[in-house]
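The next block holds one structure in the form of structure tokens; read it before the comments.
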2 protein chains.
Amino acid sequence: MALIVQKYGGTSVGSTGRIKNVAKRVARWQAQGHRLVVVPSAMSGETNRLIALAKEISPNPDPRELDVIASTGEQVTIGLLSMALMELGLKAKSYTGAQVKVLTDSAFTKARIISIDDERIRADLAAGYIVVVAGFQGVDENGNITTLGRGGSDTSAVALAAALKADECQIYTDVDGVYTTDPRIVPEARRLDSITFEEMLEMASLGSKVLQIRSVEFAGKYKVKLRVLSSFEEGGEGTLITFEDDIKMERPIISGIAFNRDEAKLTVLGVPDRPGIAYQILGPIADANIDVDMIIQNVGHDGMTDFSFTVNRNEYEKAKAILEQVKGHIGAREIAGDNRMAKVSVVGVGMRSHVGIASKMFRTLAEEGINIQMISTSEIKISVAIDEKYLELAVRVLHKAFELDQVGA
Amino acid sequence: MALIVQKYGGTSVGSTGRIKNVAKRVARWQAQGHRLVVVPSAMSGETNRLIALAKEISPNPDPRELDVIASTGEQVTIGLLSMALMELGLKAKSYTGAQVKVLTDSAFTKARIISIDDERIRADLAAGYIVVVAGFQGVDENGNITTLGRGGSDTSAVALAAALKADECQIYTDVDGVYTTDPRIVPEARRLDSITFEEMLEMASLGSKVLQIRSVEFAGKYKVKLRVLSSFEEGGEGTLITFEDDIKMERPIISGIAFNRDEAKLTVLGVPDRPGIAYQILGPIADANIDVDMIIQNVGHDGMTDFSFTVNRNEYEKAKAILEQVKGHIGAREIAGDNRMAKVSVVGVGMRSHVGIASKMFRTLAEEGINIQMISTSEIKISVAIDEKYLELAVRVLHKAFELDQVGA
């Protein structure tokens with residue numbers, strides 16, 4: 001008999017019919033003797049509807065009041081799901097974030113969880129209740145309602161699992177696990193039985209949008225066993241996200257190919273190669289709240305260098321305009337850019353102990369005539385920026401080259 | 001400079017455009033130097049939408065969970081209204097019932113307010129904020145969310161006015177005050193400048209659905225000055241609901257004609273005229289949660305009597321079936337009934353000191369050939385049950401007979 005926290009996403013609770021299905025699934029887990037805490041998101045579309053209402057009132061809504069409004073989506077779902085469980089003859093009880101004191105800081109719309117008061121939940125579990133807790137929301141020390149930002153329900157579930165020392169935190173979503181890459185691009189993509197937290201972080205931040213990245217960090221920090229499962233299929237094992245030590249020795253070197261389509265590259269050509277130049281270029285970009293991803297500075301010659309970085313495609317025009325403004329001040333010759341870029345990455349903890357991954361990646365792309373425009377690496381991933389039109393081809397040939405379509409590869 | 005609590009109904013905040021209009025109205029009151037606490041309802045249709053969702057899950061939803069869901073309607077409005085006030089450059093802050101501790105009992109879906117913690121509201125008012133508090137909702141001593149039942153926002157506003165010792169509680173609705181009768185039936189109906197609490201209670205319970213009856217009781221008990229105003233017209237005085245002593249001497253004897261269309265009559269014919277018979281008949285009706293309104297027992301003869309009462313038309317078939325079941329047990333000869341009844345009442349504190357009101361009422365109806373089927377009286381009202389088809393005629397002739405169309409009558 002285990003204590004399990006289950007999180008159901010917006011699509012999984014997108015209608016009253018689907019909420020009833022979730023209740024049946026929860027009931028089956030309880031029938032197996034497990035104790036359950038369930039964390040639903042808002043019904044799909046609901047959070048967007050609420051935010052649209054707020055924007056009709058104010059183009060730039062007050063964040064405290066926005067959280068008052070946005071948190072109602074999950075509040076409706078916890079009530080509905082508790083009712084659906086009771087309809088099955090089970091004992092169930094709902095709580096808002098404020099009611100079980102999901103204490104957060106006061107950063108409205110993107111608050112961070114500080115602690116959870118687990119006393120009431122433990123008492124209910126001991127009394128045979130299924131406890132349904134609203135995801136995405138909390139309360140600050142002054143009693144103000146806060147929300148955790150988009151995808152925050154994953155973080156709520158992981159935080160609850162950590163506070164309750166749950167045996168497992170299950171994230172139910174519309175896919176049945178984490179794949180070696182997107183099956184829409186590579187039909188041979190396989191579901192991974194397990195993946196390490198670090199790999200998952202790289203996969204998530206690179207565009208495999210299965211889990212909110214903060215929830216993965218949280219799970220890693222508090223050693224919560226996290227599993228991604230489909231809420232529409234029955235009996236699947238999903239993908240377990242766990243610690244490197246727990247994973248069997250015959251683990252593949254590369255776990256998957258991640259990619260991101262919405263990249264844009266900006267290059268500042270012919271800037272003086274002197275200390276502080278990176279700050280002079282990127283400072284104004286950061287001041288405009290534009291996130292910068294890859295950053296490359298070539299070795300200079302004749303006291304001059306070129307400086308490149310990538311941003312989200314939506315921010316390209318804004319970033320370019322800023323660079324044109326500061327161009328004179330930093331003494332640059334020219335601003336160039338390309339907003340049709342994509343990023344492809346190979347990810348795997350195994351590459352720490354295996355040489356030759358990078359060269360294999362570069363050779364594979366070269367054989368297909370794909371030009372690599374930028375490279376950046378971390379301990380467990382290698383990313384390249386390429387022309388967007390080669391994205392699907394690059395993903396397919398890399399997936400095959402690293403034999404990700406082979407079971408137990 | 002006064003402290004004013006303003007309540008806006010669902011129609012008044014039925015769209016983001018209307019919420020902006022409410023904000024402008026609140027701003028004008030503040031510009032006149034008043035301190036303001038505003039209590040909005042849910043946007044019109046929203047509470048019904050939420051309850052319909054719950055009914056899709058469960059035909060008989062758990063009341064605790066129903067309150068979790070239903071309370072979100074007002075939570076959205078307080079956020080939107082606070083934002084709209086901020087858009088006008090004002091300081092505003094929203095609170096849910098739980099946040100300002102509108103403490104209620106635990107009677108979910110129909111909770112009663114016990115107390116309100118006014119400390120936070122007073123501090124905000126002192127700091128120049130307009131305070132926006134969710135109507136209809138509270139929290140019990142265990143932190144469970146409760147709601148006050150339909151129309152409960154009126155009661156929230158009055159309770160806040162009582163707790164804050166406000167100078168006035170203004171109820172903004174889609175009519176501009178309380179009328180001598182329904183203007184749709186009598187075009188000459190006039191808006192009353194003032195009405196006593198007792199009269200308002202009779203008018204409200206008899207079908208003039210301007211104010212929730214509990215809020216009027218509450219205002220009477222805590223001596224809150226209550227005013228009904230239109231949220232769609234500017235500059236009106238509305239109707240002040242106040243204490244008899246406050247009202248000028250030349251007050252009319254009769255304040256208005258109230259009526260209720262949805263009545264049904266049930267008669268138990270030929271029952272033994274013995275003690276306890278009323279309980280034997282009405283006990284099973286009460287057990288089935290059917291509200292009984294007028295009750296008449298005729299003087300018996302030959303040891304037998306007839307017993308009549310009225311119920312809401314929706315409950316007619318159910319009540320009749322119950323009587324048929326107990327008929328043998330109570331020794332009744334026959335059960336008769338009529339579900340096309342209406343009730344008409346003349347209401348006025350003046351009738352306490354004036355004789356002849358009843359006879360004038362009965363004569364007026366007789367002159368039109370309207371048969372009176374049942375009569376019941378209280379200190380300040382006389383009600384008659386008549387065939388529904390005569391309802392409009394009865395209201396019109398009574399309105400004229402008591403000269404309610406004359407200003408200062």
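Identifiers in the structure tokens: chain A, B, ... in order shown; residue index from 1 per chain; ligand index from 1 in order shown.
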**Request:** Write down as a list in words the residues belonging to region 8-37 of chain A that are assigned strand (DSSP E) by DSSP computed on the backbone.
**Result:** Tyr8, Arg35, Leu36 and Val37 of chain A
Selected residues written out, N, CA and C atoms, as a CSV table (one decimal), in the first residue's frame:
```csv
chain,number,residue,atom,x,y,z
A,8,TYR,N,-3.6,15.6,-12.8
A,8,TYR,CA,-4.3,15.5,-14.1
A,8,TYR,C,-4.3,16.8,-14.8
A,35,ARG,N,-3.3,4.9,-1.0
A,35,ARG,CA,-3.9,6.2,-0.5
A,35,ARG,C,-3.6,7.2,-1.6
A,36,LEU,N,-4.6,8.1,-1.8
A,36,LEU,CA,-4.4,9.0,-3.0
A,36,LEU,C,-4.7,10.5,-2.7
A,37,VAL,N,-3.8,11.3,-3.2
A,37,VAL,CA,-4.0,12.7,-3.2
A,37,VAL,C,-4.0,13.1,-4.7
```
- Message: I need the chain B residues near chain A as an MDAnalysis selection string; criterion: at most 6 Å, counting only C-alpha atoms.
- Response: chainID B and resid 57 65 68:69 72 76 79 84
Next, write the just-selected residues to a file, as a short mmCIF file (atom, residue, chain, number, x, y, z; two decimals), in the first residue's frame, keeping C-alpha atoms as the atom set.
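Once everything was written out, this is selection.cif:
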```cif
data_model
loop_
_atom_site.label_atom_id
_atom_site.label_comp_id
_atom_site.auth_asym_id
_atom_site.auth_seq_id
_atom_site.Cartn_x
_atom_site.Cartn_y
_atom_site.Cartn_z
CA ILE B 57 -21.42 15.25 -12.42
CA GLU B 65 -18.21 20.79 -2.89
CA VAL B 68 -16.39 25.34 -3.46
CA ILE B 69 -17.55 25.60 -7.07
CA THR B 72 -15.82 31.08 -7.75
CA VAL B 76 -13.88 36.35 -10.56
CA GLY B 79 -10.81 40.62 -9.28
CA ALA B 84 -11.39 48.23 -13.41
#
```
Using DSSP on the backbone, list every residue of region 128-275 of chain A that comes out as helix (DSSP H, G or I), and give them as a PDB file with N, CA and C atoms, in the first residue's frame.
```
ATOM      1  N   GLY A 152       1.871  25.293 -13.518  1.00  0.00           N
ATOM      2  CA  GLY A 152       2.194  25.226 -12.095  1.00  0.00           C
ATOM      3  C   GLY A 152       1.587  24.049 -11.366  1.00  0.00           C
ATOM      4  N   SER A 153       0.543  23.425 -11.952  1.00  0.00           N
ATOM      5  CA  SER A 153      -0.065  22.276 -11.281  1.00  0.00           C
ATOM      6  C   SER A 153       0.916  21.111 -11.146  1.00  0.00           C
ATOM      7  N   ASP A 154       1.824  20.946 -12.111  1.00  0.00           N
ATOM      8  CA  ASP A 154       2.861  19.924 -11.978  1.00  0.00           C
ATOM      9  C   ASP A 154       3.679  20.190 -10.708  1.00  0.00           C
ATOM     10  N   THR A 155       4.039  21.456 -10.522  1.00  0.00           N
ATOM     11  CA  THR A 155       4.836  21.818  -9.353  1.00  0.00           C
ATOM     12  C   THR A 155       4.044  21.597  -8.069  1.00  0.00           C
ATOM     13  N   SER A 156       2.747  21.938  -8.084  1.00  0.00           N
ATOM     14  CA  SER A 156       1.905  21.694  -6.911  1.00  0.00           C
ATOM     15  C   SER A 156       1.950  20.217  -6.539  1.00  0.00           C
ATOM     16  N   ALA A 157       1.799  19.348  -7.533  1.00  0.00           N
ATOM     17  CA  ALA A 157       1.751  17.908  -7.279  1.00  0.00           C
ATOM     18  C   ALA A 157       3.077  17.427  -6.700  1.00  0.00           C
ATOM     19  N   VAL A 158       4.170  17.880  -7.272  1.00  0.00           N
ATOM     20  CA  VAL A 158       5.486  17.444  -6.792  1.00  0.00           C
ATOM     21  C   VAL A 158       5.727  17.964  -5.375  1.00  0.00           C
ATOM     22  N   ALA A 159       5.323  19.203  -5.123  1.00  0.00           N
ATOM     23  CA  ALA A 159       5.512  19.782  -3.782  1.00  0.00           C
ATOM     24  C   ALA A 159       4.682  19.015  -2.752  1.00  0.00           C
ATOM     25  N   LEU A 160       3.466  18.635  -3.123  1.00  0.00           N
ATOM     26  CA  LEU A 160       2.635  17.839  -2.219  1.00  0.00           C
ATOM     27  C   LEU A 160       3.279  16.477  -1.972  1.00  0.00           C
ATOM     28  N   ALA A 161       3.781  15.871  -3.040  1.00  0.00           N
ATOM     29  CA  ALA A 161       4.439  14.568  -2.891  1.00  0.00           C
ATOM     30  C   ALA A 161       5.647  14.679  -1.964  1.00  0.00           C
ATOM     31  N   ALA A 162       6.386  15.784  -2.103  1.00  0.00           N
ATOM     32  CA  ALA A 162       7.552  15.985  -1.239  1.00  0.00           C
ATOM     33  C   ALA A 162       7.111  16.182   0.214  1.00  0.00           C
ATOM     34  N   ALA A 163       6.091  17.024   0.427  1.00  0.00           N
ATOM     35  CA  ALA A 163       5.632  17.311   1.795  1.00  0.00           C
ATOM     36  C   ALA A 163       5.078  16.061   2.457  1.00  0.00           C
ATOM     37  N   LEU A 164       4.395  15.223   1.681  1.00  0.00           N
ATOM     38  CA  LEU A 164       3.764  14.018   2.236  1.00  0.00           C
ATOM     39  C   LEU A 164       4.698  12.812   2.199  1.00  0.00           C
ATOM     40  N   PHE A 197      16.585  12.842 -14.036  1.00  0.00           N
ATOM     41  CA  PHE A 197      16.100  14.210 -13.835  1.00  0.00           C
ATOM     42  C   PHE A 197      16.866  15.191 -14.705  1.00  0.00           C
ATOM     43  N   GLU A 198      18.195  15.002 -14.782  1.00  0.00           N
ATOM     44  CA  GLU A 198      18.992  15.958 -15.539  1.00  0.00           C
ATOM     45  C   GLU A 198      18.638  15.908 -17.020  1.00  0.00           C
ATOM     46  N   GLU A 199      18.475  14.672 -17.535  1.00  0.00           N
ATOM     47  CA  GLU A 199      18.089  14.539 -18.933  1.00  0.00           C
ATOM     48  C   GLU A 199      16.722  15.168 -19.163  1.00  0.00           C
ATOM     49  N   MET A 200      15.806  14.907 -18.221  1.00  0.00           N
ATOM     50  CA  MET A 200      14.449  15.444 -18.359  1.00  0.00           C
ATOM     51  C   MET A 200      14.477  16.967 -18.387  1.00  0.00           C
ATOM     52  N   LEU A 201      15.348  17.554 -17.550  1.00  0.00           N
ATOM     53  CA  LEU A 201      15.468  19.015 -17.551  1.00  0.00           C
ATOM     54  C   LEU A 201      15.904  19.515 -18.922  1.00  0.00           C
ATOM     55  N   GLU A 202      16.904  18.822 -19.507  1.00  0.00           N
ATOM     56  CA  GLU A 202      17.370  19.241 -20.827  1.00  0.00           C
ATOM     57  C   GLU A 202      16.273  19.041 -21.868  1.00  0.00           C
ATOM     58  N   MET A 203      15.585  17.904 -21.793  1.00  0.00           N
ATOM     59  CA  MET A 203      14.524  17.626 -22.765  1.00  0.00           C
ATOM     60  C   MET A 203      13.403  18.657 -22.625  1.00  0.00           C
ATOM     61  N   ALA A 204      13.021  18.958 -21.381  1.00  0.00           N
ATOM     62  CA  ALA A 204      11.901  19.870 -21.156  1.00  0.00           C
ATOM     63  C   ALA A 204      12.249  21.272 -21.622  1.00  0.00           C
ATOM     64  N   SER A 205      13.438  21.733 -21.253  1.00  0.00           N
ATOM     65  CA  SER A 205      13.787  23.107 -21.598  1.00  0.00           C
ATOM     66  C   SER A 205      14.035  23.235 -23.102  1.00  0.00           C
ATOM     67  N   ILE A 213       9.191  22.588 -16.313  1.00  0.00           N
ATOM     68  CA  ILE A 213      10.586  22.403 -15.921  1.00  0.00           C
ATOM     69  C   ILE A 213      10.792  22.602 -14.413  1.00  0.00           C
ATOM     70  N   ARG A 214      10.042  23.534 -13.813  1.00  0.00           N
ATOM     71  CA  ARG A 214      10.227  23.783 -12.382  1.00  0.00           C
ATOM     72  C   ARG A 214       9.824  22.581 -11.546  1.00  0.00           C
ATOM     73  N   SER A 215       8.822  21.845 -12.014  1.00  0.00           N
ATOM     74  CA  SER A 215       8.391  20.673 -11.260  1.00  0.00           C
ATOM     75  C   SER A 215       9.477  19.604 -11.288  1.00  0.00           C
ATOM     76  N   VAL A 216      10.207  19.521 -12.398  1.00  0.00           N
ATOM     77  CA  VAL A 216      11.290  18.533 -12.494  1.00  0.00           C
ATOM     78  C   VAL A 216      12.436  18.916 -11.552  1.00  0.00           C
ATOM     79  N   GLU A 217      12.766  20.197 -11.548  1.00  0.00           N
ATOM     80  CA  GLU A 217      13.799  20.677 -10.616  1.00  0.00           C
ATOM     81  C   GLU A 217      13.412  20.356  -9.173  1.00  0.00           C
ATOM     82  N   PHE A 218      12.140  20.656  -8.876  1.00  0.00           N
ATOM     83  CA  PHE A 218      11.612  20.433  -7.537  1.00  0.00           C
ATOM     84  C   PHE A 218      11.695  18.950  -7.161  1.00  0.00           C
ATOM     85  N   ALA A 219      11.293  18.097  -8.098  1.00  0.00           N
ATOM     86  CA  ALA A 219      11.311  16.650  -7.839  1.00  0.00           C
ATOM     87  C   ALA A 219      12.741  16.171  -7.615  1.00  0.00           C
ATOM     88  N   GLY A 220      13.670  16.717  -8.402  1.00  0.00           N
ATOM     89  CA  GLY A 220      15.065  16.325  -8.234  1.00  0.00           C
ATOM     90  C   GLY A 220      15.595  16.752  -6.870  1.00  0.00           C
ATOM     91  N   LYS A 221      15.254  17.978  -6.494  1.00  0.00           N
ATOM     92  CA  LYS A 221      15.749  18.526  -5.230  1.00  0.00           C
ATOM     93  C   LYS A 221      15.225  17.740  -4.029  1.00  0.00           C
ATOM     94  N   GLU A 244      20.123   8.963 -11.454  1.00  0.00           N
ATOM     95  CA  GLU A 244      21.024   8.181 -12.297  1.00  0.00           C
ATOM     96  C   GLU A 244      21.352   6.841 -11.650  1.00  0.00           C
ATOM     97  N   ASP A 245      21.552   6.849 -10.338  1.00  0.00           N
ATOM     98  CA  ASP A 245      21.970   5.643  -9.629  1.00  0.00           C
ATOM     99  C   ASP A 245      20.934   4.525  -9.712  1.00  0.00           C
ATOM    100  N   ASP A 246      19.649   4.946  -9.814  1.00  0.00           N
ATOM    101  CA  ASP A 246      18.591   3.945  -9.804  1.00  0.00           C
ATOM    102  C   ASP A 246      18.461   3.224 -11.135  1.00  0.00           C
TER     103      ASP A 246
END
```
Residue neighbourhood region 182-193 of chain A, 8 Å, only C-alpha atoms, exclusion window fewer than 6 positions, as a compact mmCIF listing (two decimals) with N, CA and C atoms, in the first residue's frame:
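Done, and the output landed in part.txt:
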```txt
# COMPACT_ATOMS: atom_id res chain seq x y z
N ASP A 176 1.70 9.29 -23.40
CA ASP A 176 1.85 8.17 -22.47
C ASP A 176 3.26 8.05 -21.91
N SER A 208 10.50 19.64 -25.32
CA SER A 208 9.62 18.49 -25.12
C SER A 208 8.69 18.86 -23.97
N GLU A 237 2.90 1.91 -18.41
CA GLU A 237 3.87 2.15 -17.33
C GLU A 237 4.39 3.59 -17.35
N GLY A 238 4.18 4.26 -18.49
CA GLY A 238 4.67 5.62 -18.60
C GLY A 238 6.18 5.69 -18.59
N THR A 239 6.69 6.86 -18.21
CA THR A 239 8.13 7.05 -18.10
C THR A 239 8.45 7.50 -16.68
N LEU A 240 9.36 6.76 -16.04
CA LEU A 240 9.78 7.12 -14.69
C LEU A 240 10.95 8.08 -14.77
N SER A 255 19.62 9.51 -24.62
CA SER A 255 18.22 9.21 -24.29
C SER A 255 17.25 9.76 -25.32
N ALA A 258 16.05 16.29 -28.65
CA ALA A 258 15.11 17.38 -28.39
C ALA A 258 15.30 18.44 -29.47
N GLU A 392 13.38 18.72 -39.47
CA GLU A 392 12.84 17.35 -39.44
C GLU A 392 13.89 16.34 -39.91
N VAL A 395 16.50 15.78 -37.16
CA VAL A 395 15.99 14.96 -36.06
C VAL A 395 15.95 13.49 -36.48
N ARG A 396 15.47 13.24 -37.69
CA ARG A 396 15.34 11.84 -38.15
C ARG A 396 16.70 11.15 -38.28
N HIS A 399 18.22 10.57 -34.82
CA HIS A 399 17.50 9.51 -34.11
C HIS A 399 17.99 8.15 -34.58
N LEU A 404 18.21 5.17 -31.61
CA LEU A 404 17.16 5.35 -30.60
C LEU A 404 15.91 4.53 -30.93
N ASP A 405 15.81 4.06 -32.18
CA ASP A 405 14.67 3.23 -32.54
C ASP A 405 14.86 1.77 -32.12
N VAL A 407 15.18 -1.06 -29.35
CA VAL A 407 14.88 -1.29 -27.94
C VAL A 407 16.16 -1.69 -27.21
```
Mind checking which residues fall within 8 Å of Ala342 (chain B), counting only C-alpha atoms, ignoring those fewer than 2 positions away in the same chain, and posting them as an mmCIF file with C-alpha atoms, in the first residue's frame?
```cif
data_model
loop_
_atom_site.group_PDB
_atom_site.id
_atom_site.type_symbol
_atom_site.label_atom_id
_atom_site.label_comp_id
_atom_site.auth_asym_id
_atom_site.auth_seq_id
_atom_site.Cartn_x
_atom_site.Cartn_y
_atom_site.Cartn_z
ATOM 1 C CA PHE B 259 -48.637 39.398 -5.377
ATOM 2 C CA ASN B 260 -47.489 35.887 -6.139
ATOM 3 C CA ARG B 261 -48.593 33.977 -9.175
ATOM 4 C CA ASP B 262 -47.279 30.478 -8.418
ATOM 5 C CA GLU B 263 -49.741 29.352 -5.780
ATOM 6 C CA ALA B 264 -51.654 26.125 -5.480
ATOM 7 C CA ARG B 340 -54.102 27.805 -10.736
ATOM 8 C CA VAL B 344 -52.661 39.286 -3.704
ATOM 9 C CA ALA B 385 -56.018 33.724 -2.550
ATOM 10 C CA ILE B 386 -57.936 34.084 -5.818
ATOM 11 C CA ASP B 387 -58.229 32.339 -9.164
ATOM 12 C CA GLU B 388 -55.060 33.110 -11.100
ATOM 13 C CA LEU B 391 -54.631 38.377 -10.731
#
```
re CA of Lys381 (chain B) and CA of Val346 (chain B): distance 5.5 Å
List the neighbours of Gln30 (chain B) out to 12 Å using only C-alpha atoms; skip same-chain residues closer than 2 positions along the sequence, and give me the result as a list of chain:residue names.
->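 Skipping anything fewer than 2 positions along the chain leaves B:Met1, B:Ala2, B:Leu3, B:Ile4, B:Val5, B:Gln6, B:Ala23, B:Lys24, B:Arg25, B:Val26, B:Ala27, B:Arg28, B:Gln32, B:Gly33, B:His34, B:Arg35, B:Leu36, B:Val37, B:Val38, B:Leu85, B:Leu88, B:Leu90, B:Lys91, B:Ala92, B:Leu125, B:Gly128, B:Tyr129, B:Ile130, B:Val131.
CA of Asp174 (chain B) to CA of Ile254 (chain B) spans 24.6 Å [interatomic distance, one decimal].
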Correct to one decimal, the distance CA of Val132 (chain B)-CA of Ser41 (chain B) is 10.9 Å
